[in-house]
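Below is one structure; the comments refer to it alone.
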Amino acid sequence: MDYQTRTYLPVYDGGETRTFEAQPEGAPPPPPPPPRPSLNISRLAFLHNILLCALVCALGGRALYLQVLSRHYYKLHQRQQLSHIKEQGWRGVLFDRNGHVLANTVRTYLLDIQPQKVSAEGLAQVARRLPELVTGVDKELMRSLARWSALPEAERPKYQRLFRHATPDERERVHAELGKFINSHELQKRVYPKGDLAGSLIGHMPINSDHTREPIRGVERSYEALLRGVDRQLTVGRDSNQRSLQLDKVLPDESTRGASLRLTLDMRIQQITEAHLNDCVRDMGAKSGVAVIMDPHTGDILAMAQAPSYDPNRYNVYPAEEHALRFSNHAIESMFEPGSTVKPLLVAAALNERVVTAETMFSGMGGAYNLGGHKVSDTHALREMNTLEVIQHSSNVGAIQIAILLGRVNYYNYLIRFGFGASSEVGLEQELPGRLSNITDTKHHKGQASVVLGNWAYGYGFSATPLQMAQAISVIANGGHLVAPRVVREILHDSGEVEELPVNVRRRVVRESVTQTVTQGLVLVVEAGTGKRARVDGYAVAGKTGTTEKFQNNTYKSGAFLTSFIGFAPAENPRFAAYIIVDDPKHEKFGGTVAAPVFSKIAKEVLPYLGVPPTRAQKESPRPLSRAVSARASSEVTIDYQPWWSKERFFRGDAAQDELVPDLKGKDIPGMLAALKELRADVEISGSGVVVSQTPEAGEVLPRGRRFKVQLERPAVVRHSTARRGAGGRFGEEEDGDQERRSEADEDAEQPMEEGAPTAPLPVEFLRAAPAEEPVTRGLPPRRL
Amino acid sequence: MGLFRPLYLLLVGVVSVLLKLLEVTLRVRYTERRWRLQEGVERLAPPREGRVDYALVGAVCSICALGLLMVYSASVTRAAHMMGSGVHFLRQQALFMGIGLTLMFFMSRLDYRFLKRYAWPLFWGSFALLALVFVPGVGREAKGASRWLMVGGVNVQPVEVVKLTFLLTLAKLFSESSVGARRHWLAFMCFALPVALLSKQPDFGSIIILGYLYSVALLLSGASQAFFLLVLAALSAAGTVMWFSYSHVSRRIYDFMAQFEEGAELGYNLKQALISFGSGRWVGEGIGRSSQKNFFLPESHTDFIFDIYGEELGFVGVLVLLALYATVFSRGLLAARRARDPFGGLLAAMITLLFFTQALVNMLMAVGMLPTKGLTLPLMSYGGSSLLLVCVALGALLNISRYRPSLSAASPAPALHSPAPPQAPTPHRSHA
């Protein structure tokens, strides 16, 4: 049976009867049925097929393409659904060598508002309440908000920043009360708790337009890679109003924290140095001053002070014309002609080359030397002098003769070996190498090589940074090694790992016996020469003054001077080396009258602070520390390094108000300090030994000023502190021998004196052993004599 | 997943039921040829009144369940934001769906010939509703068009009612025995009167749908091809006039065409719709996990619900939904073909076509193949009044589908397989 046969059959035959009746065979076919209204099946099927085809082909195909084959919209989806929140890594902390925080990062919040999306009442509420919840909000801005609330939404600004430095507490309060209207974004703020202390060394971090901060100067800049931590990109879902959908999602902080740095800086030495340098610059009407205090054995920069300096917290308050003066770290960024301060180095080189001895006599030449037609004169004309007297009286005439004996090439090479003309490897980005032209290249000097040599003999014709000078004098102080200065002592990685930076002993420059001879000369300078005012009662000080006429407007006759002092103390076993330069003092003009007293004042306070016992009979009882410095110095109690997450570190400042006074009686100084460590208390110590009385008494509520007075007395036999101090090291070495004397000195002095932190001192053996690698004469031309 | 776990289990159940239904559906003869084969069977044994078509019921209920799920998923953030409660739209939709399914049940028990009797009063009544839109106080104007009536706090679009009464009237007219020009005049009047009002609103989408229904009725009722083409030409001419006289119509179509040009930027709605749909990939992001509904895609729970569906259930889910709509379509047309009188056939065919075409057009719009026009996806989109009307219409369809062939297609009469059955009627061949 063929379906074709039914193609034209009507489907509905009236709707009443649809029974099939067989036609009798041979009968005539019935007439075709009349056209009746009915459903046209072929057209229905046509529609059915067309639409189903459309469904399957168009829609199914399109769905297949959009969803499976093409990734275009999927990618668009990813792009618009996810917002990438970039967050800067949590910047590490800067500590001084004893664990005082010099720079820290705190969490702040940026508060902003979208006025168009906030109701009028909301705006009014924000304008009314925000100043009460957050201190420091701009009042004018609040008035603007109140004004906008009267405007229709379209006329208000789209976005308004309200406050940038809201604390977490303030943000919580704002969130609780005004959270519907105000958005907050996490920011970091860099704070420098010690204000302008070592500001130009530490540097600062200006804020960028996108609320991130980039360091531009100092340690902050130079150790950026370590400090900044890992920037993270937080990917969160968001809705079409840019609201983040996972507000509570916080990635673990550990991954983003940068390393902290423990600097070599000693906060108290820095304070002392800055105080005296500032006094000097002010009193002398000088333009500026720089002082570098350095541990000659390890290269640790104990203080790097300059006046004027600046407070990195308020870097934006200084007028633009002062930026170069305040922001530059002059200890590494300014070059000065060293003047007479180079003479000890010249003598050391000559002694080391054995072209002279300490007793070699030089003619005074009538107080003037004819150097290529220019008369070079001495301030104190001598008939004749030996090598040490050249240093003692700072004789230019003698120095020129020594330089001629040493020879041009030798002198140049020694200057190089003393670290001039090249970076000191201190690790600070802005450091300049100084200027030292190659004297061996005679063509360069146009036949004036001997004149140049003569100039170099008394410190003209080349220039060096203060840091290079301190580095050079350290060679004399530490027995002949060039030790690279360093400002970072340890890198405290976020993982808890502590990476100690090694002492960088670069080379042996001169023999140890040479340094002893030169030291004798330098002591003479202070005892009986140009640097008398650098004397420190009870200690032998080695030093050398320098006075340079400033080369300004193409002439040395400008009437402006650079006065400097270079030296170290105590002379026998130097604990610090210092270079002090004061630029253009108005009231005095000699290194001996301007810079030397600064050294004296600094040394007077630093030596006791470092625990160096006086080595000489004191002519008068030492004055107590100047009031300001002692207050500042004693207000800090040493803490050991603790990781950032330790309770001590983070909650030290938030301790409850009514703390009780601990019982200090019977404790020795370290024990007492340990007990007071977490109280952040000032303590005034009198006497030595163990605590016998204290104010306030134990059990009282800690007074507001947190000031303690304790009276110490020596117990009968107990040698209290030797046990605590580590074996080996300079501390131990000294104290074994000097314990008795030192204690007496303490009692006599009755001055506030605290222990430095138990810093790991460099073994003396280390310094002694190092130089063998590099023989003195290696790389130098053969001796002439 | 937490919140959606019960719903997810429900979906798994629904899908497994669907797979069973597909087996049933696949037995439907999709080609005319097969239909004619079955027709012979039906001539042997005319359809008899039986139970409703369960495949149709199953497909409709599955779409309803999916619709409820998607309305919830697509509206939850918007509802929480606008209404303060995430389930606001779900509650509304569930309420209307409950009423709608009840109505559907009653309609499926009510003999559809009852409708034939009241076709004209219903039509005039709905026409009056349509006119009421222009009466201030009752009608509501929104987005530059007055299309809505406020009835007891509920917005009703009278044109939805008009669509149904219009096709009811057409079915009545074209199935009546009175042959001649009169019914064509009447049909044209039924078409022209609402169109006149609709062009005042203006609502061109509905005009096009009415025109579509009108031509389908002409086509299916066996009007001559010449006449059909004449009407089609007239409608096209009207469309052309509309094109030139109303700028926003042509602009919308131009905009639509522009997107196919190289490097063209899509309109925001369409772009978001495609992003939503396209990010579904194979199996989707999971129910309730669409992120486009978070204020990216406007009208996510009404016009663009298909995109959210595609995003959450992926290509596989889309295929399932297409199969469901295809099931309703095929079973609906099957019911039309089996109807016991021409009125039932026409009515069933037009209800099915209206339902399916609207779904098809909405889905094509949602995937960017047709210009976007406010048209809901029947049984899926949020919207109370249209849901009720669709349910009523499907109820009528179910009632028509109660007439089943007395012989199963699976076991045709043995006579059909005999090589040359003597009783096979061959009247036309003999005439040819």
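Ordered as shown in the structure tokens, chains take letters A, B, and onward, while each chain numbers its residues from 1 and ligands are numbered from 1 in the order shown.
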
Quiz prompt | Non-local contacts of stretch 193-207 of chain A (9 Å; only C-alpha atoms; under 4 positions in same chain excluded) as a ChimeraX atom specification | solution = /A:94,101-104,211-221,265,267,270-271,274,303-306,309-316,326-331

Quiz item: Contacts of B:Phe315 at 12 Å or less, counting only C-alpha atoms, minus same-chain residues fewer than 3 places along, as an MDAnalysis selection string?
Solution: (chainID A and resid 59:69) or (chainID B and resid 277:286 306:312 318:322)

Selected residues, C-alpha atoms, written as a PDB file, in the first residue's frame, please.
ATOM      1  CA  LEU A  59      18.763  28.238  18.239  1.00  0.00           C
ATOM      2  CA  GLY A  60      20.662  25.025  18.830  1.00  0.00           C
ATOM      3  CA  GLY A  61      23.421  26.043  16.471  1.00  0.00           C
ATOM      4  CA  ARG A  62      23.653  29.484  17.962  1.00  0.00           C
ATOM      5  CA  ALA A  63      23.760  28.035  21.454  1.00  0.00           C
ATOM      6  CA  LEU A  64      26.471  25.631  20.400  1.00  0.00           C
ATOM      7  CA  TYR A  65      28.475  28.467  18.936  1.00  0.00           C
ATOM      8  CA  LEU A  66      28.023  30.891  21.790  1.00  0.00           C
ATOM      9  CA  GLN A  67      28.455  28.479  24.605  1.00  0.00           C
ATOM     10  CA  VAL A  68      30.856  25.898  23.388  1.00  0.00           C
ATOM     11  CA  LEU A  69      32.733  26.912  20.272  1.00  0.00           C
TER      12      LEU A  69
ATOM     13  CA  PHE B 277      24.620  32.985  27.742  1.00  0.00           C
ATOM     14  CA  GLY B 278      28.088  32.402  26.376  1.00  0.00           C
ATOM     15  CA  SER B 279      29.690  31.885  29.740  1.00  0.00           C
ATOM     16  CA  GLY B 280      27.583  28.810  30.361  1.00  0.00           C
ATOM     17  CA  ARG B 281      29.901  26.558  28.377  1.00  0.00           C
ATOM     18  CA  TRP B 282      28.924  22.886  28.314  1.00  0.00           C
ATOM     19  CA  VAL B 283      27.164  22.336  31.595  1.00  0.00           C
ATOM     20  CA  GLY B 284      26.878  25.833  32.966  1.00  0.00           C
ATOM     21  CA  GLU B 285      27.989  27.385  36.179  1.00  0.00           C
ATOM     22  CA  GLY B 286      25.459  25.498  38.235  1.00  0.00           C
ATOM     23  CA  PHE B 306      16.828  32.270  28.855  1.00  0.00           C
ATOM     24  CA  ASP B 307      20.316  33.750  29.098  1.00  0.00           C
ATOM     25  CA  ILE B 308      20.483  33.158  32.806  1.00  0.00           C
ATOM     26  CA  TYR B 309      19.237  29.642  32.148  1.00  0.00           C
ATOM     27  CA  GLY B 310      21.985  29.158  29.574  1.00  0.00           C
ATOM     28  CA  GLU B 311      24.563  30.514  31.957  1.00  0.00           C
ATOM     29  CA  GLU B 312      23.568  28.312  34.832  1.00  0.00           C
ATOM     30  CA  VAL B 318      19.655  24.548  26.763  1.00  0.00           C
ATOM     31  CA  LEU B 319      19.201  21.411  24.693  1.00  0.00           C
ATOM     32  CA  VAL B 320      16.940  19.985  27.371  1.00  0.00           C
ATOM     33  CA  LEU B 321      14.830  23.119  27.394  1.00  0.00           C
ATOM     34  CA  LEU B 322      14.633  23.145  23.600  1.00  0.00           C
TER      35      LEU B 322
END

Write out as JSON lines the residues of stretch 86-189 of chain B that have any atom within 9 Å of an atom of stretch 367-390 of chain B, one row each with the nearest atom pair and its distance in Å to one decimal, counting only C-alpha atoms, sorted by chain and then rising number.
{"residue": "B:Phe89", "atom": "CA", "partner": "B:Tyr382", "partner_atom": "CA", "distance": 7.5}
{"residue": "B:Leu90", "atom": "CA", "partner": "B:Tyr382", "partner_atom": "CA", "distance": 8.5}
{"residue": "B:Gln92", "atom": "CA", "partner": "B:Gly384", "partner_atom": "CA", "distance": 7.5}
{"residue": "B:Gln93", "atom": "CA", "partner": "B:Tyr382", "partner_atom": "CA", "distance": 6.3}
{"residue": "B:Leu95", "atom": "CA", "partner": "B:Gly384", "partner_atom": "CA", "distance": 8.6}
{"residue": "B:Phe96", "atom": "CA", "partner": "B:Gly384", "partner_atom": "CA", "distance": 5.5}
{"residue": "B:Met97", "atom": "CA", "partner": "B:Leu387", "partner_atom": "CA", "distance": 7.0}
{"residue": "B:Ile99", "atom": "CA", "partner": "B:Leu388", "partner_atom": "CA", "distance": 7.3}
{"residue": "B:Gly100", "atom": "CA", "partner": "B:Leu388", "partner_atom": "CA", "distance": 4.7}
{"residue": "B:Leu101", "atom": "CA", "partner": "B:Leu388", "partner_atom": "CA", "distance": 8.2}
{"residue": "B:Leu103", "atom": "CA", "partner": "B:Leu388", "partner_atom": "CA", "distance": 7.8}
{"residue": "B:Met104", "atom": "CA", "partner": "B:Leu388", "partner_atom": "CA", "distance": 8.6}
{"residue": "B:Val154", "atom": "CA", "partner": "B:Ser385", "partner_atom": "CA", "distance": 8.2}
{"residue": "B:Asn155", "atom": "CA", "partner": "B:Ser385", "partner_atom": "CA", "distance": 7.6}
{"residue": "B:Val156", "atom": "CA", "partner": "B:Ser385", "partner_atom": "CA", "distance": 5.8}
{"residue": "B:Gln157", "atom": "CA", "partner": "B:Ser385", "partner_atom": "CA", "distance": 7.4}
{"residue": "B:Glu160", "atom": "CA", "partner": "B:Ser386", "partner_atom": "CA", "distance": 6.5}
{"residue": "B:Val161", "atom": "CA", "partner": "B:Leu389", "partner_atom": "CA", "distance": 7.0}
{"residue": "B:Leu164", "atom": "CA", "partner": "B:Leu389", "partner_atom": "CA", "distance": 7.9}

Quiz item: Can you tell me how far atom CA of A:Val661 sits from atom CA of A:Ser693, in Å to one decimal?
Solution: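 Between these atoms lies a distance of 13.0 Å.
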
Quiz item: Can you tell me how far atom CA of A:Gly421 sits from atom CA of A:Arg489, in Å to one decimal?
Solution: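 Separation of atom CA of A:Gly421 and atom CA of A:Arg489: 25.0 Å.
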
Practice problem: From stretch 74-195 of chain B, collect each residue whose DSSP state is alpha helix (DSSP H) and return the set as a ChimeraX atom specification. | Solution: /B:74-82,88-109,113-117,119-132,158-175,181-195

Quiz prompt | Residue contacts of B:Leu66 (10 Å, only C-alpha atoms) excluding same-chain residues fewer than 2 positions away, as a ChimeraX atom specification | solution = /B:7,10-11,14,60-64,68-72,309,321,379-380

Practice problem: Would you kindly return, as a list of chain:residue names, each protein, DNA or RNA residue with an atom no farther than 12 Å from any atom of stretch 549-553 of chain A, considering only C-alpha atoms and excluding same-chain residues fewer than 3 positions away? | Solution: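 The contact residues come out as A:Met335, A:Phe336, A:Glu337, A:Pro338, A:Gly339, A:Ser340, A:Tyr458, A:Gly459, A:Tyr460, A:Gly461, A:Phe462, A:Ser463, A:Gly546, A:Tyr556, A:Lys557, A:Ser558, A:Gly559, A:Ala560, A:Phe561, A:Leu562, A:Thr563, A:Ser564, A:Val582, A:Asp583, A:Asp584, A:Pro585, A:Lys589, A:Phe590, A:Gly591.
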